[in-house]
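Content type mmCIF, C-alpha atoms, from the file my_file.cif:
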data_coords
loop_
_atom_site.label_atom_id
_atom_site.label_comp_id
_atom_site.auth_asym_id
_atom_site.auth_seq_id
_atom_site.Cartn_x
_atom_site.Cartn_y
_atom_site.Cartn_z
CA MET A 1 88.54 -15.24 48.51
CA VAL A 2 84.74 -15.12 48.49
CA ASN A 3 82.83 -18.12 47.10
CA VAL A 4 80.53 -17.36 44.17
CA GLY A 5 77.52 -19.40 43.08
CA PHE A 6 75.17 -19.16 40.14
CA ILE A 7 71.46 -19.88 40.11
CA GLY A 8 71.04 -20.87 36.47
CA GLY A 9 74.70 -20.98 35.60
CA THR A 10 74.42 -22.99 32.39
CA GLY A 11 73.11 -20.18 30.14
CA VAL A 12 75.06 -17.61 28.20
CA GLU A 13 75.13 -14.97 31.00
CA GLY A 14 76.26 -17.42 33.65
CA ARG A 15 78.87 -18.91 31.36
CA GLY A 16 80.82 -15.68 30.86
CA LEU A 17 80.69 -14.61 34.48
CA ALA A 18 81.64 -18.05 35.78
CA LEU A 19 84.56 -18.25 33.37
CA ARG A 20 85.88 -14.75 34.09
CA LEU A 21 85.58 -15.11 37.86
CA ALA A 22 87.09 -18.60 37.94
CA ALA A 23 89.93 -17.38 35.73
CA ALA A 24 90.51 -14.62 38.31
CA GLY A 25 90.90 -17.23 41.06
CA VAL A 26 87.42 -17.06 42.57
CA PRO A 27 85.93 -20.40 43.75
CA VAL A 28 82.84 -20.89 41.56
CA ALA A 29 79.88 -23.30 41.62
CA ILE A 30 77.31 -23.19 38.84
CA GLY A 31 73.82 -24.39 39.53
CA SER A 32 70.97 -25.67 37.41
CA ARG A 33 67.58 -27.20 38.07
CA SER A 34 69.24 -30.35 36.70
CA GLU A 35 72.43 -31.43 38.45
CA ALA A 36 73.45 -33.42 35.39
CA ARG A 37 73.14 -30.35 33.18
CA ALA A 38 75.19 -28.31 35.67
CA ALA A 39 77.89 -30.98 35.75
CA ALA A 40 78.04 -31.10 31.95
CA ALA A 41 78.26 -27.30 31.71
CA ALA A 42 80.96 -27.20 34.39
CA ALA A 43 82.98 -29.78 32.48
CA GLU A 44 82.71 -27.68 29.35
CA TYR A 45 83.67 -24.48 31.21
CA ASN A 46 86.66 -26.22 32.79
CA SER A 47 87.75 -27.39 29.39
CA ALA A 48 87.65 -23.77 28.17
CA LEU A 49 89.66 -22.74 31.24
CA GLY A 50 92.14 -25.61 30.86
CA GLN A 51 91.75 -26.36 34.59
CA PRO A 52 89.05 -28.03 36.74
CA LEU A 53 88.09 -24.84 38.61
CA ILE A 54 84.30 -24.84 38.41
CA ARG A 55 81.90 -27.34 40.01
CA GLY A 56 78.43 -28.07 38.66
CA VAL A 57 75.71 -28.60 41.28
CA SER A 58 72.00 -28.00 41.91
CA ASN A 59 70.82 -24.40 42.19
CA ARG A 60 70.25 -24.88 45.90
CA GLU A 61 73.74 -26.30 46.45
CA ALA A 62 75.23 -23.37 44.53
CA VAL A 63 73.51 -21.01 46.97
CA VAL A 64 74.71 -23.01 49.98
CA PHE A 65 78.27 -22.95 48.60
CA ALA A 66 78.40 -19.20 47.98
CA GLU A 67 78.47 -15.90 49.83
CA ILE A 68 77.74 -14.04 46.61
CA VAL A 69 75.01 -15.61 44.47
CA PHE A 70 74.43 -14.54 40.86
CA LEU A 71 70.95 -14.92 39.50
CA THR A 72 71.61 -15.72 35.84
CA VAL A 73 68.29 -16.92 34.51
CA LYS A 74 65.93 -15.04 32.20
CA PHE A 75 63.87 -12.39 34.00
CA GLU A 76 60.70 -14.45 33.48
CA GLN A 77 62.27 -17.31 35.41
CA THR A 78 63.62 -15.33 38.35
CA THR A 79 60.67 -15.65 40.71
CA ALA A 80 60.54 -19.44 40.40
CA ALA A 81 64.33 -19.66 40.67
CA ILE A 82 64.37 -17.67 43.92
CA GLU A 83 61.53 -19.77 45.34
CA SER A 84 63.40 -22.98 44.61
CA CYS A 85 66.34 -21.80 46.75
CA ARG A 86 64.54 -19.65 49.30
CA ASP A 87 65.48 -21.68 52.39
CA ALA A 88 69.19 -21.45 51.48
CA LEU A 89 69.07 -17.67 50.99
CA VAL A 90 69.97 -16.77 54.54
CA PRO A 91 71.54 -13.61 56.01
CA GLY A 92 75.20 -13.39 55.01
CA LYS A 93 74.32 -14.24 51.39
CA LEU A 94 74.09 -11.51 48.79
CA LEU A 95 72.16 -11.83 45.53
CA VAL A 96 73.41 -10.22 42.32
CA ASP A 97 70.71 -9.62 39.72
CA VAL A 98 71.94 -9.38 36.12
CA THR A 99 68.56 -9.73 34.38
CA ILE A 100 67.07 -7.43 31.73
CA PRO A 101 63.32 -7.32 31.17
CA VAL A 102 63.14 -6.75 27.42
CA ARG A 103 60.74 -7.71 24.66
CA PHE A 104 60.91 -7.16 20.92
CA GLU A 105 58.41 -5.18 18.85
CA HIS A 106 58.84 -5.16 15.06
CA GLY A 107 62.43 -6.29 15.57
CA HIS A 108 63.25 -3.50 18.01
CA PRO A 109 64.05 -4.03 21.70
CA VAL A 110 61.59 -2.46 24.14
CA TYR A 111 62.04 -2.24 27.90
CA ALA A 112 59.30 -4.21 29.66
CA GLU A 113 59.07 -2.27 32.92
CA PRO A 114 58.38 -4.61 35.84
CA ALA A 115 56.30 -3.72 38.91
CA GLY A 116 58.57 -1.72 41.20
CA GLY A 117 60.24 0.17 38.34
CA SER A 118 62.99 -2.28 37.39
CA ALA A 119 63.83 -5.97 37.48
CA ALA A 120 66.21 -5.30 40.36
CA GLU A 121 63.58 -3.54 42.47
CA PHE A 122 61.01 -6.23 41.61
CA LEU A 123 63.36 -8.97 42.82
CA ALA A 124 64.58 -7.11 45.91
CA GLU A 125 60.99 -7.19 47.17
CA ARG A 126 60.93 -10.96 46.80
CA LEU A 127 64.08 -11.90 48.76
CA PRO A 128 64.12 -13.24 52.31
CA PRO A 129 64.83 -10.56 54.95
CA GLY A 130 68.51 -9.84 55.51
CA VAL A 131 69.58 -10.83 51.99
CA PRO A 132 70.60 -7.68 50.10
CA LEU A 133 70.25 -7.45 46.34
CA VAL A 134 72.81 -5.76 44.11
CA ALA A 135 72.26 -5.08 40.41
CA SER A 136 75.31 -5.45 38.19
CA PHE A 137 76.48 -6.93 34.88
CA LYS A 138 73.27 -5.56 33.41
CA THR A 139 74.96 -3.79 30.50
CA MET A 140 77.67 -6.39 29.85
CA PRO A 141 77.22 -8.25 26.54
CA ALA A 142 77.01 -11.94 27.42
CA LYS A 143 78.85 -13.16 24.33
CA LEU A 144 81.76 -10.82 24.91
CA LEU A 145 81.99 -11.85 28.55
CA ALA A 146 82.03 -15.52 27.58
CA ASP A 147 84.90 -15.07 25.14
CA LEU A 148 87.94 -15.16 27.42
CA HIS A 149 90.15 -13.84 24.62
CA SER A 150 88.20 -10.56 24.37
CA GLU A 151 89.20 -7.60 26.52
CA LEU A 152 86.17 -6.02 28.13
CA GLN A 153 87.54 -2.43 28.29
CA CYS A 154 84.41 -0.87 29.73
CA ASP A 155 82.61 0.08 32.91
CA GLU A 156 80.45 -2.14 35.07
CA PHE A 157 77.63 -0.35 36.89
CA VAL A 158 76.87 -1.57 40.40
CA CYS A 159 73.82 -0.37 42.31
CA GLY A 160 71.98 -1.45 45.43
CA ASP A 161 70.56 -0.03 48.63
CA SER A 162 73.24 -1.56 50.87
CA GLN A 163 76.55 0.25 50.51
CA GLU A 164 78.37 -2.67 52.13
CA ALA A 165 76.82 -5.12 49.64
CA ARG A 166 77.69 -2.84 46.69
CA GLY A 167 81.26 -2.76 47.99
CA ARG A 168 81.48 -6.55 48.00
CA VAL A 169 80.32 -6.73 44.37
CA ILE A 170 82.63 -3.88 43.39
CA ASP A 171 85.55 -5.86 44.86
CA LEU A 172 84.50 -8.81 42.70
CA VAL A 173 84.26 -6.67 39.53
CA ARG A 174 87.77 -5.38 40.19
CA LEU A 175 89.13 -8.92 39.85
CA ILE A 176 88.16 -9.03 36.17
CA PRO A 177 90.87 -7.46 34.01
CA THR A 178 90.04 -4.29 32.01
CA LEU A 179 86.66 -3.93 33.72
CA ARG A 180 86.11 -0.83 35.89
CA PRO A 181 83.40 -0.95 38.56
CA VAL A 182 81.26 2.18 38.78
CA ASP A 183 79.26 2.66 41.98
CA ALA A 184 75.90 3.90 40.69
CA GLY A 185 74.29 4.27 44.13
CA ALA A 186 70.82 3.19 45.17
CA LEU A 187 68.95 0.25 43.67
CA LYS A 188 66.50 2.46 41.81
CA MET A 189 69.32 3.48 39.47
CA ALA A 190 68.66 0.04 37.93
CA ARG A 191 65.79 1.79 36.13
CA VAL A 192 68.43 3.62 34.11
CA ILE A 193 71.00 0.85 33.81
CA GLU A 194 68.55 -1.82 32.64
CA ARG A 195 67.27 0.55 29.97
CA MET A 196 70.82 1.22 28.79
CA THR A 197 70.96 -2.40 27.75
CA VAL A 198 67.99 -1.76 25.48
CA LEU A 199 70.04 0.99 23.81
CA ALA A 200 73.03 -1.35 23.55
CA ILE A 201 70.89 -4.07 21.92
CA GLN A 202 69.53 -1.49 19.46
CA LEU A 203 73.06 -0.30 18.61
CA ASN A 204 74.26 -3.87 18.18
CA ARG A 205 71.45 -4.46 15.69
CA SER A 206 71.98 -1.28 13.71
CA HIS A 207 75.76 -1.80 13.61
CA LYS A 208 75.58 -5.59 13.12
CA ARG A 209 77.74 -6.15 16.21
CA ASP A 210 77.22 -7.92 19.50
CA GLY A 211 79.52 -6.19 21.96
CA ALA A 212 78.12 -2.66 22.44
CA ARG A 213 78.80 -1.53 26.02
CA PHE A 214 79.45 1.63 27.98
CA THR A 215 82.18 3.70 29.52
CA VAL A 216 81.64 6.82 31.56
CA VAL A 217 84.08 9.58 30.58
CA GLY A 218 85.00 12.28 33.10
CA ILE A 219 84.92 10.33 36.36
CA MET B 1 76.22 25.53 5.85
CA VAL B 2 72.92 25.18 7.70
CA ASN B 3 71.71 28.06 9.90
CA VAL B 4 71.15 27.18 13.54
CA GLY B 5 68.91 29.03 15.98
CA PHE B 6 68.26 28.69 19.69
CA ILE B 7 64.99 29.17 21.50
CA GLY B 8 66.29 30.22 24.90
CA GLY B 9 69.93 30.58 23.91
CA THR B 10 71.08 32.58 26.92
CA GLY B 11 71.18 29.73 29.46
CA VAL B 12 73.99 27.32 30.20
CA GLU B 13 72.89 24.66 27.66
CA GLY B 14 72.46 27.13 24.84
CA ARG B 15 75.74 28.82 25.61
CA GLY B 16 77.90 25.75 25.07
CA LEU B 17 76.12 24.60 21.92
CA ALA B 18 76.11 28.07 20.39
CA LEU B 19 79.83 28.49 21.11
CA ARG B 20 80.84 25.08 19.80
CA LEU B 21 78.76 25.37 16.63
CA ALA B 22 79.81 28.95 15.90
CA ALA B 23 83.45 27.95 16.47
CA ALA B 24 82.89 25.21 13.87
CA GLY B 25 81.73 27.79 11.33
CA VAL B 26 77.97 27.38 11.66
CA PRO B 27 75.88 30.59 11.40
CA VAL B 28 74.19 30.90 14.80
CA ALA B 29 71.41 33.11 16.20
CA ILE B 30 70.51 32.85 19.88
CA GLY B 31 67.03 33.85 20.95
CA SER B 32 65.48 34.94 24.20
CA ARG B 33 62.09 36.25 25.29
CA SER B 34 64.00 39.51 25.74
CA GLU B 35 65.89 40.80 22.69
CA ALA B 36 68.10 42.91 24.94
CA ARG B 37 69.10 39.85 26.95
CA ALA B 38 69.83 37.90 23.76
CA ALA B 39 71.99 40.75 22.45
CA ALA B 40 73.93 40.94 25.72
CA ALA B 41 74.49 37.16 25.77
CA ALA B 42 75.57 37.19 22.10
CA ALA B 43 78.09 39.94 22.87
CA GLU B 44 79.50 37.86 25.72
CA TYR B 45 79.64 34.69 23.55
CA ASN B 46 81.39 36.61 20.77
CA SER B 47 83.90 37.92 23.25
CA ALA B 48 84.63 34.30 24.30
CA LEU B 49 84.99 33.37 20.62
CA GLY B 50 87.16 36.41 19.81
CA GLN B 51 84.97 37.08 16.74
CA PRO B 52 81.48 38.51 16.18
CA LEU B 53 79.95 35.23 14.96
CA ILE B 54 76.70 34.96 16.94
CA ARG B 55 73.69 37.26 16.73
CA GLY B 56 71.23 37.83 19.57
CA VAL B 57 67.57 38.13 18.59
CA SER B 58 64.06 37.27 19.80
CA ASN B 59 63.15 33.60 20.07
CA ARG B 60 60.84 33.99 17.08
CA GLU B 61 63.54 35.62 14.94
CA ALA B 62 65.95 32.83 15.88
CA VAL B 63 63.43 30.32 14.53
CA VAL B 64 62.90 32.36 11.33
CA PHE B 65 66.69 32.54 10.84
CA ALA B 66 67.35 28.81 11.26
CA GLU B 67 66.74 25.49 9.55
CA ILE B 68 67.76 23.64 12.70
CA VAL B 69 66.29 25.06 15.89
CA PHE B 70 67.58 24.02 19.32
CA LEU B 71 65.15 24.21 22.19
CA THR B 72 67.44 25.11 25.11
CA VAL B 73 65.08 26.09 27.88
CA LYS B 74 64.26 24.08 31.01
CA PHE B 75 61.76 21.29 30.37
CA GLU B 76 59.08 23.14 32.38
CA GLN B 77 59.37 26.08 29.97
CA THR B 78 59.27 24.13 26.72
CA THR B 79 55.54 24.24 26.05
CA ALA B 80 55.33 28.01 26.47
CA ALA B 81 58.51 28.47 24.42
CA ILE B 82 57.12 26.44 21.51
CA GLU B 83 53.80 28.31 21.66
CA SER B 84 55.59 31.67 21.47
CA CYS B 85 57.21 30.66 18.15
CA ARG B 86 54.55 28.34 16.75
CA ASP B 87 53.76 30.39 13.61
CA ALA B 88 57.45 30.40 12.63
CA LEU B 89 57.84 26.64 13.07
CA VAL B 90 56.98 25.74 9.48
CA PRO B 91 57.88 22.67 7.40
CA GLY B 92 61.59 22.72 6.53
CA LYS B 93 62.47 23.55 10.13
CA LEU B 94 63.68 20.84 12.46
CA LEU B 95 63.53 21.10 16.26
CA VAL B 96 66.26 19.62 18.46
CA ASP B 97 65.19 18.89 22.02
CA VAL B 98 67.99 18.77 24.59
CA THR B 99 65.86 18.94 27.74
CA ILE B 100 65.97 16.57 30.73
CA PRO B 101 62.95 16.24 33.03
CA VAL B 102 64.63 15.71 36.39
CA ARG B 103 63.79 16.54 39.97
CA PHE B 104 65.79 16.07 43.16
CA GLU B 105 64.70 13.97 46.14
CA HIS B 106 66.89 14.06 49.25
CA GLY B 107 69.72 15.40 47.11
CA HIS B 108 69.46 12.63 44.53
CA PRO B 109 68.34 13.14 40.93
CA VAL B 110 65.14 11.37 39.92
CA TYR B 111 63.73 11.14 36.41
CA ALA B 112 60.37 12.89 36.21
CA GLU B 113 58.73 10.87 33.42
CA PRO B 114 56.58 13.14 31.23
CA ALA B 115 53.36 12.06 29.51
CA GLY B 116 54.38 10.19 26.37
CA GLY B 117 57.32 8.45 28.06
CA SER B 118 60.04 11.09 27.61
CA ALA B 119 60.48 14.82 27.21
CA ALA B 120 61.24 14.28 23.53
CA GLU B 121 58.03 12.31 22.90
CA PHE B 122 56.01 14.84 24.94
CA LEU B 123 57.33 17.70 22.81
CA ALA B 124 57.05 15.90 19.47
CA GLU B 125 53.28 15.71 20.09
CA ARG B 126 53.16 19.48 20.49
CA LEU B 127 54.92 20.58 17.29
CA PRO B 128 53.17 21.86 14.17
CA PRO B 129 52.69 19.20 11.45
CA GLY B 130 55.71 18.73 9.20
CA VAL B 131 58.27 19.82 11.82
CA PRO B 132 60.26 16.78 12.93
CA LEU B 133 61.77 16.59 16.40
CA VAL B 134 65.17 15.10 17.09
CA ALA B 135 66.51 14.45 20.59
CA SER B 136 70.22 15.05 21.10
CA PHE B 137 72.74 16.66 23.46
CA LYS B 138 70.73 15.11 26.27
CA THR B 139 73.71 13.50 27.97
CA MET B 140 76.23 16.27 27.30
CA PRO B 141 77.29 18.15 30.44
CA ALA B 142 76.44 21.81 29.85
CA LYS B 143 79.45 23.21 31.69
CA LEU B 144 81.88 21.05 29.75
CA LEU B 145 80.28 22.03 26.45
CA ALA B 146 80.55 25.71 27.36
CA ASP B 147 84.26 25.46 28.11
CA LEU B 148 85.81 25.73 24.65
CA HIS B 149 89.17 24.61 26.02
CA SER B 150 87.81 21.20 27.12
CA GLU B 151 87.84 18.29 24.72
CA LEU B 152 84.52 16.46 24.70
CA GLN B 153 85.89 12.97 23.88
CA CYS B 154 82.55 11.20 24.08
CA ASP B 155 79.50 10.09 22.12
CA GLU B 156 76.43 12.13 21.30
CA PHE B 157 73.22 10.12 21.02
CA VAL B 158 70.79 11.24 18.33
CA CYS B 159 67.28 9.82 18.09
CA GLY B 160 64.11 10.73 16.24
CA ASP B 161 61.43 9.17 14.11
CA SER B 162 62.60 10.84 10.88
CA GLN B 163 65.79 9.25 9.59
CA GLU B 164 66.41 12.27 7.35
CA ALA B 165 66.09 14.64 10.33
CA ARG B 166 68.41 12.48 12.43
CA GLY B 167 70.91 12.61 9.60
CA ARG B 168 70.86 16.41 9.55
CA VAL B 169 71.57 16.56 13.28
CA ILE B 170 74.25 13.88 12.99
CA ASP B 171 75.96 16.04 10.35
CA LEU B 172 75.91 18.94 12.81
CA VAL B 173 77.35 16.85 15.65
CA ARG B 174 80.18 15.77 13.37
CA LEU B 175 81.31 19.40 13.09
CA ILE B 176 82.22 19.51 16.77
CA PRO B 177 85.73 18.14 17.35
CA THR B 178 86.16 14.96 19.44
CA LEU B 179 82.40 14.34 19.55
CA ARG B 180 81.08 11.18 17.86
CA PRO B 181 77.44 11.09 16.82
CA VAL B 182 75.65 7.80 17.57
CA ASP B 183 72.40 7.15 15.72
CA ALA B 184 70.15 5.71 18.43
CA GLY B 185 67.12 5.20 16.20
CA ALA B 186 63.51 6.02 16.95
CA LEU B 187 62.41 8.86 19.21
CA LYS B 188 61.30 6.52 21.96
CA MET B 189 64.95 5.73 22.66
CA ALA B 190 64.88 9.14 24.38
CA ARG B 191 63.35 7.23 27.32
CA VAL B 192 66.73 5.62 27.81
CA ILE B 193 68.95 8.55 26.88
CA GLU B 194 67.19 11.07 29.13
CA ARG B 195 67.50 8.67 32.05
CA MET B 196 71.22 8.24 31.36
CA THR B 197 71.61 11.89 32.27
CA VAL B 198 70.13 11.09 35.68
CA LEU B 199 72.90 8.51 36.11
CA ALA B 200 75.50 11.04 34.95
CA ILE B 201 74.24 13.64 37.46
CA GLN B 202 74.39 11.02 40.22
CA LEU B 203 77.96 10.07 39.25
CA ASN B 204 78.99 13.74 39.12
CA ARG B 205 77.67 14.17 42.66
CA SER B 206 79.29 11.07 44.09
CA HIS B 207 82.62 11.83 42.37
CA LYS B 208 82.44 15.60 42.95
CA ARG B 209 82.82 16.25 39.21
CA ASP B 210 80.68 17.94 36.60
CA GLY B 211 81.63 16.32 33.31
CA ALA B 212 80.41 12.70 33.50
CA ARG B 213 79.36 11.57 30.04
CA PHE B 214 79.20 8.41 27.94
CA THR B 215 81.01 6.49 25.25
CA VAL B 216 79.74 3.31 23.65
CA VAL B 217 82.52 0.74 23.30
CA GLY B 218 82.31 -1.93 20.60
CA ILE B 219 80.57 -0.05 17.80
#

Can you present the structure in this file as structure tokens?
Amino acid sequence: MVNVGFIGGTGVEGRGLALRLAAAGVPVAIGSRSEARAAAAAAEYNSALGQPLIRGVSNREAVVFAEIVFLTVKFEQTTAAIESCRDALVPGKLLVDVTIPVRFEHGHPVYAEPAGGSAAEFLAERLPPGVPLVASFKTMPAKLLADLHSELQCDEFVCGDSQEARGRVIDLVRLIPTLRPVDAGALKMARVIERMTVLAIQLNRSHKRDGARFTVVGI
Amino acid sequence: MVNVGFIGGTGVEGRGLALRLAAAGVPVAIGSRSEARAAAAAAEYNSALGQPLIRGVSNREAVVFAEIVFLTVKFEQTTAAIESCRDALVPGKLLVDVTIPVRFEHGHPVYAEPAGGSAAEFLAERLPPGVPLVASFKTMPAKLLADLHSELQCDEFVCGDSQEARGRVIDLVRLIPTLRPVDAGALKMARVIERMTVLAIQLNRSHKRDGARFTVVGI
């Protein structure tokens, strides 16, 4: 089983992914800038799991531990987060970007298009050579993911320019019950998928819900 | 029951919408630049319906006939199509834009972002005052829509800056069996919805299908 690490694993996005993957039997380490905060979060996650499955470490140690590294900080913090672990991001590692660049105008979510066309493309340009980036878990509601009692019952879009890297993330998605991976092709499809989250946020607001997500019918 | 007209109703998008709406009991007129071509298409549609429900007329007459006017030409033809009917587009009419600005690069679909941010916003700027524009049927596969024997079983996103206009289109969507209207809010959400069609085209290609479409889970 592949080891999975989280850069910034103590927030709401990291929480759900770490819990779901650990529950599926994946070895998981969550990182934080503060080791103490990571250890406290890991203890809390393990309590939710009922088993000591997740370790809390520094961001850098989480990268060293893992073959697949999730970047689960806010988009604004991604560049600094990557820099802080750059020397550990060596070939053989794969980075999964789950971030959404969004701002709010008059209470409505607006996509804040990064240089490059999407957060995923922006970050791919900033990785060390030989470390592929895959975009996924962009449209997954964090709260839903973090509630282990909720069935996900939706699709998970996976895109990236390395087919082999996409395949490794798709294999990981498959481990999470009721979640179907959908191979969305090249990394630039993140321009679509990140914007879909803006639609989901809007629908959550207008319907007073927090779990709007997508399924593709007909494939 | 509201009258519905089509500017450019003889193509594949117009065909499916005209058939589904006429089958639901809506009075439908399909227009074309050529009245003869509209009449021939209407005869063929009526043969598919088994009843003479649809009339074929000029684009301008289709606009005069209708309260809700669908613009079902290719995006490149929209400006000329609107110009040709401008004097008939008077307050009380509502225009529904279903177009997708897409081009293909190395066999892959790419969104061709129009001035204004989306086809819908581009066109809304070009309508006579007092004629609201609503974007819908952007993500609906044309072939699937045109096959009356296929169940749609998906969501139909409706967006536009006039809530009243959105409501009128939502009421129309509701008439089509197994299709759920989803109010996506302001017109600028078309930036997301039009791009979703690019994802659907990509998924159709990679899965060798032609009916990829979307459902929102959790609302």

As number ranges by chain, could you give me every residue of chain B near chain A (at most 10 Å apart, counting only C-alpha atoms)? B: 108-111, 144, 152-155, 182-186, 188-200, 202-204, 206-219

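Picked by the PyMOL selection byres ((chain A and resi 64-75) around 7) from the coordinates shown: Val2, Asn3, Val4, Gly5, Phe6, Ile7, Gly8, Gly9, Glu13, Gly14, Arg60, Glu61, Ala62, Val63, Glu76, Gln77, Thr78, Ala88, Gly92, Lys93, Leu94, Leu95, Val96, Asp97, Val98, Thr99, Ile100 and Pro101 of chain A.
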
Give me a file of those residues, with C-alpha atoms, as a PDB file, in the coordinates of the input.
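Written output follows (part_3.pdb):
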ATOM      1  CA  VAL A   2      84.740 -15.120  48.490  1.00  0.00           C
ATOM      2  CA  ASN A   3      82.830 -18.120  47.100  1.00  0.00           C
ATOM      3  CA  VAL A   4      80.530 -17.360  44.170  1.00  0.00           C
ATOM      4  CA  GLY A   5      77.520 -19.400  43.080  1.00  0.00           C
ATOM      5  CA  PHE A   6      75.170 -19.160  40.140  1.00  0.00           C
ATOM      6  CA  ILE A   7      71.460 -19.880  40.110  1.00  0.00           C
ATOM      7  CA  GLY A   8      71.040 -20.870  36.470  1.00  0.00           C
ATOM      8  CA  GLY A   9      74.700 -20.980  35.600  1.00  0.00           C
ATOM      9  CA  GLU A  13      75.130 -14.970  31.000  1.00  0.00           C
ATOM     10  CA  GLY A  14      76.260 -17.420  33.650  1.00  0.00           C
ATOM     11  CA  ARG A  60      70.250 -24.880  45.900  1.00  0.00           C
ATOM     12  CA  GLU A  61      73.740 -26.300  46.450  1.00  0.00           C
ATOM     13  CA  ALA A  62      75.230 -23.370  44.530  1.00  0.00           C
ATOM     14  CA  VAL A  63      73.510 -21.010  46.970  1.00  0.00           C
ATOM     15  CA  GLU A  76      60.700 -14.450  33.480  1.00  0.00           C
ATOM     16  CA  GLN A  77      62.270 -17.310  35.410  1.00  0.00           C
ATOM     17  CA  THR A  78      63.620 -15.330  38.350  1.00  0.00           C
ATOM     18  CA  ALA A  88      69.190 -21.450  51.480  1.00  0.00           C
ATOM     19  CA  GLY A  92      75.200 -13.390  55.010  1.00  0.00           C
ATOM     20  CA  LYS A  93      74.320 -14.240  51.390  1.00  0.00           C
ATOM     21  CA  LEU A  94      74.090 -11.510  48.790  1.00  0.00           C
ATOM     22  CA  LEU A  95      72.160 -11.830  45.530  1.00  0.00           C
ATOM     23  CA  VAL A  96      73.410 -10.220  42.320  1.00  0.00           C
ATOM     24  CA  ASP A  97      70.710  -9.620  39.720  1.00  0.00           C
ATOM     25  CA  VAL A  98      71.940  -9.380  36.120  1.00  0.00           C
ATOM     26  CA  THR A  99      68.560  -9.730  34.380  1.00  0.00           C
ATOM     27  CA  ILE A 100      67.070  -7.430  31.730  1.00  0.00           C
ATOM     28  CA  PRO A 101      63.320  -7.320  31.170  1.00  0.00           C
TER      29      PRO A 101
END

Using all atoms listed in the file, determine which residues lie at most 9 Å from stretch 121-128 of chain A, disregarding the query and same-chain residues fewer than 3 positions distant; provide the list as number ranges by chain. A: 78-79, 82-83, 86-87, 89-91, 95, 97, 114-118, 131-134, 187-188, 190-191

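Atom CA of A:Val169 lies 24.5 Å from atom CA of A:Glu113.
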
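Atom CA of A:Gly160 is positioned 16.8 Å from atom CA of B:His106.
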
Just give me the gap between atom CA of B:Ala39 and atom CA of B:Ala24 in Å, one decimal is fine. 20.8 Å

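Distances from A:Ser136, A:Ser84, A:Ser34, A:Ser47 to A:Pro181 were compared using all atoms listed in the file, and the smallest one belongs to A:Ser136.
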
Please return as JSON, numbers by chain every residue within 9 Å of (81.2, -16.6, 32.2), taking into account only C-alpha atoms and the file's own coordinates. {"A": [9, 12, 13, 14, 15, 16, 17, 18, 19, 20, 21, 22, 45, 142, 143, 145, 146, 147, 148]}

Taking all listed atoms of stretch 161-166 of chain B, build the axis-aligned box, pad each of the six sides by 5 Å, then write its centre and edge lengths in Å to one decimal as AutoDock Vina command-line options.
--center_x 64.9 --center_y 11.9 --center_z 10.7 --size_x 17.0 --size_y 15.5 --size_z 16.8
